[in-house]
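One file, structure02.cif, carrying mmCIF, N, CA and C atoms and all ligand atoms:
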```
data_run
loop_
_atom_site.label_atom_id
_atom_site.label_comp_id
_atom_site.auth_asym_id
_atom_site.auth_seq_id
_atom_site.Cartn_x
_atom_site.Cartn_y
_atom_site.Cartn_z
N MET A 1 93.13 100.14 119.41
CA MET A 1 92.04 100.60 118.52
C MET A 1 92.58 101.55 117.46
N LYS A 2 93.40 102.50 117.92
CA LYS A 2 93.99 103.49 117.03
C LYS A 2 94.86 102.82 115.97
N GLN A 3 95.63 101.81 116.45
CA GLN A 3 96.54 101.10 115.56
C GLN A 3 95.77 100.38 114.44
N ARG A 4 94.61 99.82 114.84
CA ARG A 4 93.78 99.09 113.88
C ARG A 4 93.25 100.05 112.82
N GLU A 5 92.84 101.24 113.25
CA GLU A 5 92.33 102.25 112.31
C GLU A 5 93.41 102.63 111.29
N THR A 6 94.63 102.83 111.81
CA THR A 6 95.74 103.21 110.94
C THR A 6 96.02 102.10 109.93
N ARG A 7 95.96 100.85 110.41
CA ARG A 7 96.23 99.71 109.54
C ARG A 7 95.18 99.65 108.42
N GLN A 8 93.92 99.91 108.77
CA GLN A 8 92.85 99.87 107.77
C GLN A 8 93.00 100.99 106.74
N LEU A 9 93.40 102.16 107.22
CA LEU A 9 93.59 103.29 106.31
C LEU A 9 94.76 103.02 105.37
N LYS A 10 95.85 102.48 105.93
CA LYS A 10 97.03 102.16 105.12
C LYS A 10 96.71 101.10 104.07
N ALA A 11 95.91 100.10 104.47
CA ALA A 11 95.53 99.04 103.53
C ALA A 11 94.67 99.61 102.41
N THR A 12 93.79 100.54 102.74
CA THR A 12 92.92 101.17 101.73
C THR A 12 93.77 101.94 100.72
N LEU A 13 94.74 102.68 101.24
CA LEU A 13 95.62 103.47 100.37
C LEU A 13 96.46 102.54 99.49
N ALA A 14 96.94 101.43 100.07
CA ALA A 14 97.77 100.49 99.32
C ALA A 14 96.96 99.84 98.19
N VAL A 15 95.70 99.49 98.47
CA VAL A 15 94.84 98.88 97.45
C VAL A 15 94.64 99.86 96.31
N LEU A 16 94.38 101.14 96.64
CA LEU A 16 94.15 102.16 95.62
C LEU A 16 95.41 102.38 94.78
N ALA A 17 96.55 102.45 95.45
CA ALA A 17 97.80 102.72 94.75
C ALA A 17 98.16 101.59 93.80
N ALA A 18 97.79 100.35 94.16
CA ALA A 18 98.14 99.20 93.33
C ALA A 18 97.18 99.02 92.16
N ALA A 19 96.00 99.64 92.24
CA ALA A 19 94.98 99.43 91.22
C ALA A 19 95.05 100.54 90.18
N ARG A 20 94.99 100.14 88.93
CA ARG A 20 94.95 101.12 87.86
C ARG A 20 93.57 101.16 87.21
N ASP A 21 92.62 100.44 87.82
CA ASP A 21 91.33 100.28 87.14
C ASP A 21 90.19 101.07 87.78
N HIS A 22 90.50 102.13 88.54
CA HIS A 22 89.45 103.04 89.01
C HIS A 22 88.35 102.29 89.75
N LEU A 23 88.70 101.80 90.93
CA LEU A 23 87.81 100.95 91.71
C LEU A 23 86.63 101.71 92.31
N THR A 24 85.51 101.00 92.44
CA THR A 24 84.38 101.54 93.21
C THR A 24 84.66 101.24 94.68
N ALA A 25 83.88 101.84 95.58
CA ALA A 25 84.08 101.60 97.02
C ALA A 25 83.92 100.11 97.35
N GLU A 26 82.95 99.45 96.72
CA GLU A 26 82.72 98.01 96.94
C GLU A 26 83.96 97.20 96.57
N GLN A 27 84.56 97.55 95.42
CA GLN A 27 85.74 96.82 94.96
C GLN A 27 86.92 97.06 95.90
N VAL A 28 87.06 98.32 96.36
CA VAL A 28 88.13 98.63 97.32
C VAL A 28 87.91 97.79 98.58
N TYR A 29 86.67 97.75 99.04
CA TYR A 29 86.31 96.99 100.24
C TYR A 29 86.71 95.52 100.10
N ARG A 30 86.36 94.90 98.96
CA ARG A 30 86.67 93.48 98.77
C ARG A 30 88.17 93.23 98.78
N ARG A 31 88.94 94.18 98.23
CA ARG A 31 90.40 93.99 98.21
C ARG A 31 91.04 94.28 99.57
N VAL A 32 90.52 95.30 100.28
CA VAL A 32 91.07 95.61 101.61
C VAL A 32 90.82 94.42 102.54
N ARG A 33 89.67 93.77 102.40
CA ARG A 33 89.28 92.65 103.26
C ARG A 33 90.28 91.49 103.17
N ARG A 34 90.95 91.36 102.03
CA ARG A 34 91.96 90.30 101.88
C ARG A 34 93.15 90.54 102.82
N HIS A 35 93.44 91.83 103.07
CA HIS A 35 94.59 92.17 103.93
C HIS A 35 94.17 92.39 105.37
N VAL A 36 92.96 92.91 105.56
CA VAL A 36 92.46 93.19 106.90
C VAL A 36 91.10 92.52 107.06
N PRO A 37 91.10 91.23 107.38
CA PRO A 37 89.82 90.53 107.53
C PRO A 37 89.01 91.18 108.65
N GLY A 38 87.72 91.29 108.45
CA GLY A 38 86.87 91.86 109.49
C GLY A 38 86.63 93.36 109.31
N VAL A 39 87.30 93.99 108.36
CA VAL A 39 87.05 95.41 108.10
C VAL A 39 85.62 95.55 107.56
N SER A 40 84.94 96.63 107.91
CA SER A 40 83.56 96.80 107.43
C SER A 40 83.52 97.74 106.23
N LEU A 41 82.44 97.60 105.47
CA LEU A 41 82.26 98.47 104.30
C LEU A 41 82.18 99.93 104.74
N GLY A 42 81.52 100.17 105.88
CA GLY A 42 81.40 101.53 106.42
C GLY A 42 82.76 102.15 106.71
N THR A 43 83.66 101.34 107.27
CA THR A 43 85.01 101.83 107.57
C THR A 43 85.75 102.18 106.28
N VAL A 44 85.59 101.33 105.27
CA VAL A 44 86.26 101.60 104.00
C VAL A 44 85.71 102.91 103.41
N TYR A 45 84.40 103.11 103.48
CA TYR A 45 83.80 104.36 102.99
C TYR A 45 84.37 105.57 103.75
N ARG A 46 84.46 105.44 105.08
CA ARG A 46 85.00 106.55 105.89
C ARG A 46 86.46 106.83 105.52
N ASN A 47 87.24 105.75 105.32
CA ASN A 47 88.65 105.94 104.97
C ASN A 47 88.80 106.55 103.58
N LEU A 48 87.95 106.14 102.65
CA LEU A 48 88.00 106.71 101.30
C LEU A 48 87.69 108.21 101.37
N ASP A 49 86.74 108.56 102.22
CA ASP A 49 86.37 109.96 102.35
C ASP A 49 87.51 110.76 102.99
N LYS A 50 88.16 110.14 103.96
CA LYS A 50 89.31 110.78 104.62
C LYS A 50 90.44 111.03 103.60
N LEU A 51 90.72 110.01 102.79
CA LEU A 51 91.79 110.12 101.79
C LEU A 51 91.46 111.18 100.74
N ARG A 52 90.17 111.26 100.40
CA ARG A 52 89.72 112.28 99.44
C ARG A 52 89.93 113.67 100.04
N ALA A 53 89.53 113.84 101.30
CA ALA A 53 89.67 115.13 101.98
C ALA A 53 91.13 115.53 102.11
N GLN A 54 92.02 114.55 102.24
CA GLN A 54 93.46 114.82 102.35
C GLN A 54 94.11 115.01 100.98
N GLY A 55 93.32 114.86 99.91
CA GLY A 55 93.87 115.02 98.57
C GLY A 55 94.75 113.86 98.14
N ARG A 56 94.55 112.67 98.74
CA ARG A 56 95.39 111.52 98.40
C ARG A 56 94.71 110.60 97.40
N VAL A 57 93.46 110.88 97.10
CA VAL A 57 92.74 110.13 96.07
C VAL A 57 91.72 111.08 95.45
N ARG A 58 91.45 110.86 94.15
CA ARG A 58 90.43 111.68 93.49
C ARG A 58 89.18 110.85 93.30
N VAL A 59 88.04 111.49 93.40
CA VAL A 59 86.78 110.79 93.16
C VAL A 59 86.35 111.08 91.73
N LEU A 60 86.02 110.02 91.04
CA LEU A 60 85.64 110.13 89.64
C LEU A 60 84.16 109.76 89.54
N GLN A 61 83.35 110.74 89.16
CA GLN A 61 81.92 110.49 89.04
C GLN A 61 81.55 110.50 87.57
N LEU A 62 81.36 109.31 87.02
CA LEU A 62 81.03 109.21 85.61
C LEU A 62 79.53 109.04 85.43
N ALA A 63 79.06 109.38 84.24
CA ALA A 63 77.61 109.36 83.96
C ALA A 63 76.98 108.03 84.34
N GLY A 64 75.98 108.10 85.20
CA GLY A 64 75.18 106.93 85.52
C GLY A 64 75.87 105.83 86.31
N GLY A 65 77.09 106.07 86.76
CA GLY A 65 77.79 105.01 87.48
C GLY A 65 78.08 105.39 88.93
N PRO A 66 78.55 104.43 89.70
CA PRO A 66 78.93 104.73 91.09
C PRO A 66 80.23 105.52 91.10
N ALA A 67 80.52 106.19 92.23
CA ALA A 67 81.78 106.91 92.36
C ALA A 67 82.93 105.92 92.25
N ARG A 68 83.98 106.33 91.57
CA ARG A 68 85.18 105.51 91.46
C ARG A 68 86.33 106.28 92.06
N TYR A 69 87.32 105.57 92.58
CA TYR A 69 88.42 106.21 93.28
C TYR A 69 89.69 106.09 92.44
N ASP A 70 90.32 107.22 92.24
CA ASP A 70 91.44 107.33 91.30
C ASP A 70 92.69 107.80 92.03
N PRO A 71 93.73 106.95 92.08
CA PRO A 71 94.95 107.34 92.78
C PRO A 71 95.84 108.28 91.96
N THR A 72 95.51 108.48 90.67
CA THR A 72 96.29 109.37 89.83
C THR A 72 95.83 110.79 90.10
N LEU A 73 96.71 111.58 90.73
CA LEU A 73 96.27 112.88 91.23
C LEU A 73 96.40 114.02 90.23
N HIS A 74 97.32 113.88 89.26
CA HIS A 74 97.46 114.98 88.31
C HIS A 74 96.25 115.01 87.36
N GLU A 75 96.03 116.15 86.73
CA GLU A 75 94.88 116.30 85.84
C GLU A 75 94.95 115.31 84.70
N HIS A 76 93.91 114.56 84.50
CA HIS A 76 93.84 113.65 83.36
C HIS A 76 92.39 113.33 83.06
N ASP A 77 92.18 112.65 81.95
CA ASP A 77 90.82 112.38 81.49
C ASP A 77 90.63 110.87 81.37
N HIS A 78 89.43 110.45 80.96
CA HIS A 78 89.13 109.03 81.00
C HIS A 78 88.39 108.53 79.77
N PHE A 79 88.61 107.26 79.47
CA PHE A 79 87.84 106.56 78.45
C PHE A 79 87.08 105.44 79.15
N VAL A 80 85.77 105.37 78.93
CA VAL A 80 84.94 104.36 79.58
C VAL A 80 84.44 103.37 78.54
N CYS A 81 84.71 102.08 78.74
CA CYS A 81 84.20 101.07 77.81
C CYS A 81 82.77 100.73 78.21
N GLU A 82 81.86 100.92 77.28
CA GLU A 82 80.44 100.67 77.56
C GLU A 82 80.11 99.19 77.60
N ALA A 83 81.03 98.36 77.08
CA ALA A 83 80.76 96.91 77.09
C ALA A 83 81.27 96.27 78.38
N CYS A 84 82.53 96.51 78.74
CA CYS A 84 83.09 95.81 79.91
C CYS A 84 83.22 96.72 81.12
N GLY A 85 83.01 98.02 80.95
CA GLY A 85 83.03 98.93 82.10
C GLY A 85 84.42 99.41 82.51
N THR A 86 85.44 98.99 81.79
CA THR A 86 86.80 99.40 82.13
C THR A 86 86.96 100.91 81.96
N VAL A 87 87.65 101.54 82.89
CA VAL A 87 87.94 102.97 82.80
C VAL A 87 89.45 103.13 82.62
N THR A 88 89.84 103.76 81.52
CA THR A 88 91.25 103.91 81.18
C THR A 88 91.64 105.39 81.26
N ASP A 89 92.83 105.67 81.75
CA ASP A 89 93.31 107.05 81.80
C ASP A 89 93.64 107.56 80.41
N LEU A 90 93.30 108.80 80.16
CA LEU A 90 93.58 109.46 78.89
C LEU A 90 94.20 110.81 79.20
N ASP A 91 94.90 111.36 78.23
CA ASP A 91 95.41 112.71 78.39
C ASP A 91 94.89 113.56 77.24
N LEU A 92 93.95 114.44 77.54
CA LEU A 92 93.34 115.30 76.51
C LEU A 92 93.61 116.76 76.87
N PRO A 93 94.86 117.23 76.70
CA PRO A 93 95.21 118.59 77.12
C PRO A 93 94.39 119.67 76.42
N ARG A 94 93.99 119.42 75.17
CA ARG A 94 93.21 120.44 74.45
C ARG A 94 91.85 120.64 75.10
N ALA A 95 91.23 119.54 75.54
CA ALA A 95 89.92 119.65 76.20
C ALA A 95 90.08 120.41 77.50
N ARG A 96 91.15 120.14 78.22
CA ARG A 96 91.37 120.85 79.49
C ARG A 96 91.68 122.32 79.23
N GLY A 97 92.34 122.60 78.10
CA GLY A 97 92.61 123.99 77.71
C GLY A 97 91.32 124.74 77.49
N ALA A 98 90.34 124.07 76.89
CA ALA A 98 89.04 124.70 76.65
C ALA A 98 88.38 125.06 77.97
N VAL A 99 88.53 124.19 78.96
CA VAL A 99 87.95 124.46 80.28
C VAL A 99 88.64 125.68 80.91
N ARG A 100 89.97 125.76 80.75
CA ARG A 100 90.71 126.91 81.31
C ARG A 100 90.29 128.22 80.63
N ARG A 101 90.07 128.15 79.31
CA ARG A 101 89.62 129.37 78.59
C ARG A 101 88.26 129.81 79.11
N LEU A 102 87.41 128.85 79.37
CA LEU A 102 86.08 129.13 79.92
C LEU A 102 86.22 129.84 81.26
N ALA A 103 87.13 129.35 82.09
CA ALA A 103 87.35 129.95 83.40
C ALA A 103 87.88 131.37 83.25
N ARG A 104 88.78 131.57 82.27
CA ARG A 104 89.33 132.93 82.04
C ARG A 104 88.24 133.87 81.56
N ALA A 105 87.24 133.31 80.85
CA ALA A 105 86.14 134.14 80.34
C ALA A 105 85.10 134.44 81.43
N GLY A 106 85.36 134.01 82.65
CA GLY A 106 84.48 134.37 83.76
C GLY A 106 83.53 133.29 84.22
N PHE A 107 83.56 132.13 83.56
CA PHE A 107 82.71 131.02 84.01
C PHE A 107 83.34 130.38 85.22
N VAL A 108 82.51 129.88 86.10
CA VAL A 108 83.03 129.17 87.28
C VAL A 108 82.86 127.68 87.04
N VAL A 109 83.96 127.01 86.82
CA VAL A 109 83.92 125.56 86.60
C VAL A 109 84.13 124.87 87.94
N ARG A 110 83.10 124.19 88.43
CA ARG A 110 83.21 123.55 89.74
C ARG A 110 83.68 122.11 89.63
N THR A 111 83.13 121.39 88.66
CA THR A 111 83.50 119.99 88.48
C THR A 111 83.93 119.81 87.04
N GLN A 112 85.00 119.08 86.87
CA GLN A 112 85.50 118.88 85.52
C GLN A 112 85.73 117.39 85.32
N THR A 113 84.90 116.77 84.50
CA THR A 113 85.08 115.36 84.17
C THR A 113 84.99 115.23 82.67
N ILE A 114 86.12 115.01 82.04
CA ILE A 114 86.10 114.82 80.60
C ILE A 114 86.26 113.32 80.37
N ALA A 115 85.20 112.70 79.87
CA ALA A 115 85.24 111.26 79.65
C ALA A 115 84.69 110.95 78.27
N LEU A 116 85.36 110.04 77.58
CA LEU A 116 84.88 109.55 76.30
C LEU A 116 84.31 108.17 76.55
N TYR A 117 83.22 107.83 75.84
CA TYR A 117 82.56 106.54 76.02
C TYR A 117 82.57 105.78 74.71
N GLY A 118 82.78 104.49 74.79
CA GLY A 118 82.77 103.67 73.58
C GLY A 118 83.20 102.25 73.90
N LEU A 119 84.00 101.67 73.02
CA LEU A 119 84.47 100.30 73.22
C LEU A 119 85.99 100.30 73.36
N CYS A 120 86.48 99.61 74.36
CA CYS A 120 87.93 99.50 74.53
C CYS A 120 88.48 98.60 73.42
N ARG A 121 89.80 98.57 73.30
CA ARG A 121 90.43 97.78 72.24
C ARG A 121 89.98 96.32 72.27
N ALA A 122 89.94 95.73 73.46
CA ALA A 122 89.59 94.30 73.57
C ALA A 122 88.15 94.07 73.13
N CYS A 123 87.23 94.96 73.53
CA CYS A 123 85.82 94.78 73.18
C CYS A 123 85.55 95.14 71.72
N ALA A 124 86.34 96.05 71.16
CA ALA A 124 86.13 96.46 69.78
C ALA A 124 86.69 95.45 68.79
N ALA A 125 87.66 94.65 69.22
CA ALA A 125 88.29 93.69 68.32
C ALA A 125 87.32 92.58 67.98
N PRO A 126 87.22 92.23 66.69
CA PRO A 126 86.35 91.11 66.32
C PRO A 126 86.89 89.82 66.94
N PRO A 127 86.01 88.86 67.27
CA PRO A 127 86.44 87.67 68.01
C PRO A 127 87.47 86.80 67.27
N HIS A 128 87.48 86.84 65.93
CA HIS A 128 88.42 85.97 65.22
C HIS A 128 89.41 86.78 64.38
N GLY A 129 90.01 87.77 64.97
CA GLY A 129 91.02 88.56 64.27
C GLY A 129 90.38 89.62 63.40
N PRO A 130 91.20 90.55 62.87
CA PRO A 130 90.66 91.67 62.08
C PRO A 130 90.03 91.18 60.78
N ARG A 131 88.92 91.81 60.42
CA ARG A 131 88.25 91.45 59.17
C ARG A 131 88.81 92.29 58.04
N ALA A 132 89.04 91.69 56.90
CA ALA A 132 89.61 92.41 55.76
C ALA A 132 88.53 93.21 55.04
N ALA A 133 87.27 92.80 55.15
CA ALA A 133 86.18 93.42 54.39
C ALA A 133 86.01 94.91 54.73
N GLY A 134 86.08 95.26 56.01
CA GLY A 134 85.85 96.64 56.43
C GLY A 134 86.86 97.60 55.85
N ALA A 135 88.09 97.17 55.71
CA ALA A 135 89.16 98.03 55.24
C ALA A 135 88.99 98.41 53.77
N ALA A 136 88.31 97.57 53.00
CA ALA A 136 88.21 97.81 51.56
C ALA A 136 86.88 98.45 51.18
N SER A 137 86.15 99.04 52.15
CA SER A 137 84.83 99.56 51.86
C SER A 137 84.85 100.86 51.05
N HIS A 138 85.99 101.57 51.06
CA HIS A 138 86.13 102.78 50.26
C HIS A 138 87.34 102.62 49.34
N PRO A 139 87.15 101.88 48.25
CA PRO A 139 88.29 101.52 47.40
C PRO A 139 89.00 102.74 46.80
N GLY A 140 88.31 103.85 46.62
CA GLY A 140 88.91 105.02 45.98
C GLY A 140 89.87 105.77 46.89
N GLU A 141 89.77 105.56 48.18
CA GLU A 141 90.60 106.31 49.12
C GLU A 141 91.96 105.67 49.34
N ALA A 142 92.94 106.52 49.50
CA ALA A 142 94.30 106.00 49.72
C ALA A 142 94.47 105.62 51.19
ZN ZN A 201 92.14 108.10 86.13
#
```

Rewritten as structure tokens:
Amino acid sequence: MKQRETRQLKATLAVLAAARDHLTAEQVYRRVRRHVPGVSLGTVYRNLDKLRAQGRVRVLQLAGGPARYDPTLHEHDHFVCEACGTVTDLDLPRARGAVRRLARAGFVVRTQTIALYGLCRACAAPPHGPRAAGAASHPGEA
């Protein structure tokens, strides 16, 4: 029984480490099931919570969405595509500096999630290559 638990936890960690796309618990569950058939969603939730408590995964709570699990442990920020839902890692040191200044000024920052929302490169690209018309809309500018 113990061995099975360890195997499930290891599989959960391996799935997270291999994924760069900030999986939800459901997505982790579907991928763990490929390696450990018969694993339950409840077990995956418990293992995710265990890994979070051990500091081996970060929980990313973005506006209006389910919790996502992030194997990148160092401080970083995120870009969320509103069209396809992809979450990409970003590095915004200046924004984090502002949070640190706030803390130095006596504010207690409990949760820090700096996320930008918009369209990823793939969703922002026009379907048939770049349009020339947009670039020439301000002819006077260099
Ligand atoms: Zn991330």

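Once region 40-44 of chain A and its same-chain neighbours fewer than 3 positions away are set aside, A:Ala25, A:Val28, A:Tyr29, A:Pro37, A:Asn47, A:Leu48, A:Asp49 remain within 7 Å of it when counting all atoms listed in the file.
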
Within 6.5 Å of region 68-91 of chain A, which residues of region 19-54 of chain A show up? Give each one with its shortest atom-to-atom distance in Å (one decimal) and the two atoms involved, counting all atoms listed in the file, rows by chain then rising residue number, as JSON lines.
```
{"residue": "A:Arg20", "atom": "C", "partner": "A:Val87", "partner_atom": "C", "distance": 6.5}
{"residue": "A:Asp21", "atom": "C", "partner": "A:Val87", "partner_atom": "N", "distance": 5.5}
{"residue": "A:His22", "atom": "C", "partner": "A:Tyr69", "partner_atom": "N", "distance": 4.5}
{"residue": "A:Leu23", "atom": "C", "partner": "A:Tyr69", "partner_atom": "N", "distance": 3.9}
{"residue": "A:Thr24", "atom": "CA", "partner": "A:Arg68", "partner_atom": "CA", "distance": 4.4}
{"residue": "A:Ala25", "atom": "N", "partner": "A:Arg68", "partner_atom": "CA", "distance": 5.7}
```

Let's have the selection written as a JSON list (two decimals), keeping the file's coordinate frame, with N, CA and C atoms.
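Listed below is the output, part11.json:
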```json
[["chain", "number", "residue", "atom", "x", "y", "z"],
["A", 20, "ARG", "N", 94.99, 100.14, 88.93],
["A", 20, "ARG", "CA", 94.95, 101.12, 87.86],
["A", 20, "ARG", "C", 93.57, 101.16, 87.21],
["A", 21, "ASP", "N", 92.62, 100.44, 87.82],
["A", 21, "ASP", "CA", 91.33, 100.28, 87.14],
["A", 21, "ASP", "C", 90.19, 101.07, 87.78],
["A", 22, "HIS", "N", 90.50, 102.13, 88.54],
["A", 22, "HIS", "CA", 89.45, 103.04, 89.01],
["A", 22, "HIS", "C", 88.35, 102.29, 89.75],
["A", 23, "LEU", "N", 88.70, 101.80, 90.93],
["A", 23, "LEU", "CA", 87.81, 100.95, 91.71],
["A", 23, "LEU", "C", 86.63, 101.71, 92.31],
["A", 24, "THR", "N", 85.51, 101.00, 92.44],
["A", 24, "THR", "CA", 84.38, 101.54, 93.21],
["A", 24, "THR", "C", 84.66, 101.24, 94.68],
["A", 25, "ALA", "N", 83.88, 101.84, 95.58],
["A", 25, "ALA", "CA", 84.08, 101.60, 97.02],
["A", 25, "ALA", "C", 83.92, 100.11, 97.35]]
```

### Message
DSSP on the backbone: which residues in chain A end up as strand (DSSP E or B)? Give the answer as an MDAnalysis selection string.
### Response
chainID A and resid 23:24 58:60 68:70 77:81 87:90 115:118

### Task
as a PyMOL selection string, list the residues of chain A assigned to alpha helix (DSSP H) by DSSP on the backbone atoms of this structure.
chain A and resi 2-18+25-35+41-53+93-104+121-124

### Query
Which is closest to ligand ZN 201 (chain A) among A:Ala53, A:Leu116, A:Ala95, A:Leu60, if we use only N, CA and C atoms and all ligand atoms?
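Smallest separation from ligand ZN 201 (chain A) among the options: A:Leu60.
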
### Task
Counting only C-alpha atoms and all ligand atoms, figure out which residue out of A:Val36, A:Ala17, A:Val109, A:Cys120 gets nearest to ligand ZN 201 (chain A).
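Going through A:Val36, A:Ala17, A:Val109, A:Cys120 one by one, the smallest distance to ligand ZN 201 (chain A) is for A:Ala17.
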
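The nearest approach to ligand ZN 201 (chain A) among the residues A:Ala98, A:Arg104, A:Gly64, A:Ala19, with only C-alpha atoms and all ligand atoms taken into account, belongs to A:Ala19.
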
### Query
What is the distance, in Å and to one decimal place, between atom N of Gln8 (chain A) and atom C of Leu62 (chain A)?
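Taking atom N of Gln8 (chain A) and atom C of Leu62 (chain A), their separation equals 28.9 Å.
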
#### Entry: Distance criterion (only C-alpha atoms and all ligand atoms): nearest to ligand ZN 201 (chain A) out of A:Arg52, A:Arg46, A:Arg30, A:Arg58
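Checking each of A:Arg52, A:Arg46, A:Arg30, A:Arg58 against ligand ZN 201 (chain A), counting only C-alpha atoms and all ligand atoms, the winner is A:Arg58.
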
### Query
In Å, how far is it from CA of Ala67 (chain A) to atom N of Glu26 (chain A)?
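Between CA of Ala67 (chain A) and atom N of Glu26 (chain A) the gap works out to 8.7 Å.
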
### Query
What does the distance between atom N of Arg96 (chain A) and atom C of Val59 (chain A) come to in Å, to one decimal place?
17.0 Å

### Query
Pick the closest to Gly38 (chain A) from A:Arg4, A:Tyr117, A:Ala124, A:Val108: which is it, counting only C-alpha atoms?
A:Arg4

Output region 11-23 of chain A as a PDB file, keeping the file's coordinate frame, making sure N, CA, C and O atoms are there.
```pdb
ATOM      1  N   ALA A  11      95.910 100.100 104.470  1.00  0.00           N
ATOM      2  CA  ALA A  11      95.530  99.040 103.530  1.00  0.00           C
ATOM      3  C   ALA A  11      94.670  99.610 102.410  1.00  0.00           C
ATOM      4  O   ALA A  11      94.821  99.242 101.241  1.00  0.00           O
ATOM      5  N   THR A  12      93.790 100.540 102.740  1.00  0.00           N
ATOM      6  CA  THR A  12      92.920 101.170 101.730  1.00  0.00           C
ATOM      7  C   THR A  12      93.770 101.940 100.720  1.00  0.00           C
ATOM      8  O   THR A  12      93.581 101.828  99.512  1.00  0.00           O
ATOM      9  N   LEU A  13      94.740 102.680 101.240  1.00  0.00           N
ATOM     10  CA  LEU A  13      95.620 103.470 100.370  1.00  0.00           C
ATOM     11  C   LEU A  13      96.460 102.540  99.490  1.00  0.00           C
ATOM     12  O   LEU A  13      96.644 102.797  98.303  1.00  0.00           O
ATOM     13  N   ALA A  14      96.940 101.430 100.070  1.00  0.00           N
ATOM     14  CA  ALA A  14      97.770 100.490  99.320  1.00  0.00           C
ATOM     15  C   ALA A  14      96.960  99.840  98.190  1.00  0.00           C
ATOM     16  O   ALA A  14      97.453  99.680  97.072  1.00  0.00           O
ATOM     17  N   VAL A  15      95.700  99.490  98.470  1.00  0.00           N
ATOM     18  CA  VAL A  15      94.840  98.880  97.450  1.00  0.00           C
ATOM     19  C   VAL A  15      94.640  99.860  96.310  1.00  0.00           C
ATOM     20  O   VAL A  15      94.743  99.512  95.134  1.00  0.00           O
ATOM     21  N   LEU A  16      94.380 101.140  96.640  1.00  0.00           N
ATOM     22  CA  LEU A  16      94.150 102.160  95.620  1.00  0.00           C
ATOM     23  C   LEU A  16      95.410 102.380  94.780  1.00  0.00           C
ATOM     24  O   LEU A  16      95.346 102.480  93.563  1.00  0.00           O
ATOM     25  N   ALA A  17      96.550 102.450  95.450  1.00  0.00           N
ATOM     26  CA  ALA A  17      97.800 102.720  94.750  1.00  0.00           C
ATOM     27  C   ALA A  17      98.160 101.590  93.800  1.00  0.00           C
ATOM     28  O   ALA A  17      98.759 101.819  92.748  1.00  0.00           O
ATOM     29  N   ALA A  18      97.790 100.350  94.160  1.00  0.00           N
ATOM     30  CA  ALA A  18      98.140  99.200  93.330  1.00  0.00           C
ATOM     31  C   ALA A  18      97.180  99.020  92.160  1.00  0.00           C
ATOM     32  O   ALA A  18      97.486  98.340  91.200  1.00  0.00           O
ATOM     33  N   ALA A  19      96.000  99.640  92.240  1.00  0.00           N
ATOM     34  CA  ALA A  19      94.980  99.430  91.220  1.00  0.00           C
ATOM     35  C   ALA A  19      95.050 100.540  90.180  1.00  0.00           C
ATOM     36  O   ALA A  19      95.154 101.706  90.518  1.00  0.00           O
ATOM     37  N   ARG A  20      94.990 100.140  88.930  1.00  0.00           N
ATOM     38  CA  ARG A  20      94.950 101.120  87.860  1.00  0.00           C
ATOM     39  C   ARG A  20      93.570 101.160  87.210  1.00  0.00           C
ATOM     40  O   ARG A  20      93.363 101.801  86.211  1.00  0.00           O
ATOM     41  N   ASP A  21      92.620 100.440  87.820  1.00  0.00           N
ATOM     42  CA  ASP A  21      91.330 100.280  87.140  1.00  0.00           C
ATOM     43  C   ASP A  21      90.190 101.070  87.780  1.00  0.00           C
ATOM     44  O   ASP A  21      89.033 100.726  87.609  1.00  0.00           O
ATOM     45  N   HIS A  22      90.500 102.130  88.540  1.00  0.00           N
ATOM     46  CA  HIS A  22      89.450 103.040  89.010  1.00  0.00           C
ATOM     47  C   HIS A  22      88.350 102.290  89.750  1.00  0.00           C
ATOM     48  O   HIS A  22      87.230 102.159  89.279  1.00  0.00           O
ATOM     49  N   LEU A  23      88.700 101.800  90.930  1.00  0.00           N
ATOM     50  CA  LEU A  23      87.810 100.950  91.710  1.00  0.00           C
ATOM     51  C   LEU A  23      86.630 101.710  92.310  1.00  0.00           C
ATOM     52  O   LEU A  23      86.760 102.876  92.668  1.00  0.00           O
TER      53      LEU A  23
END
```
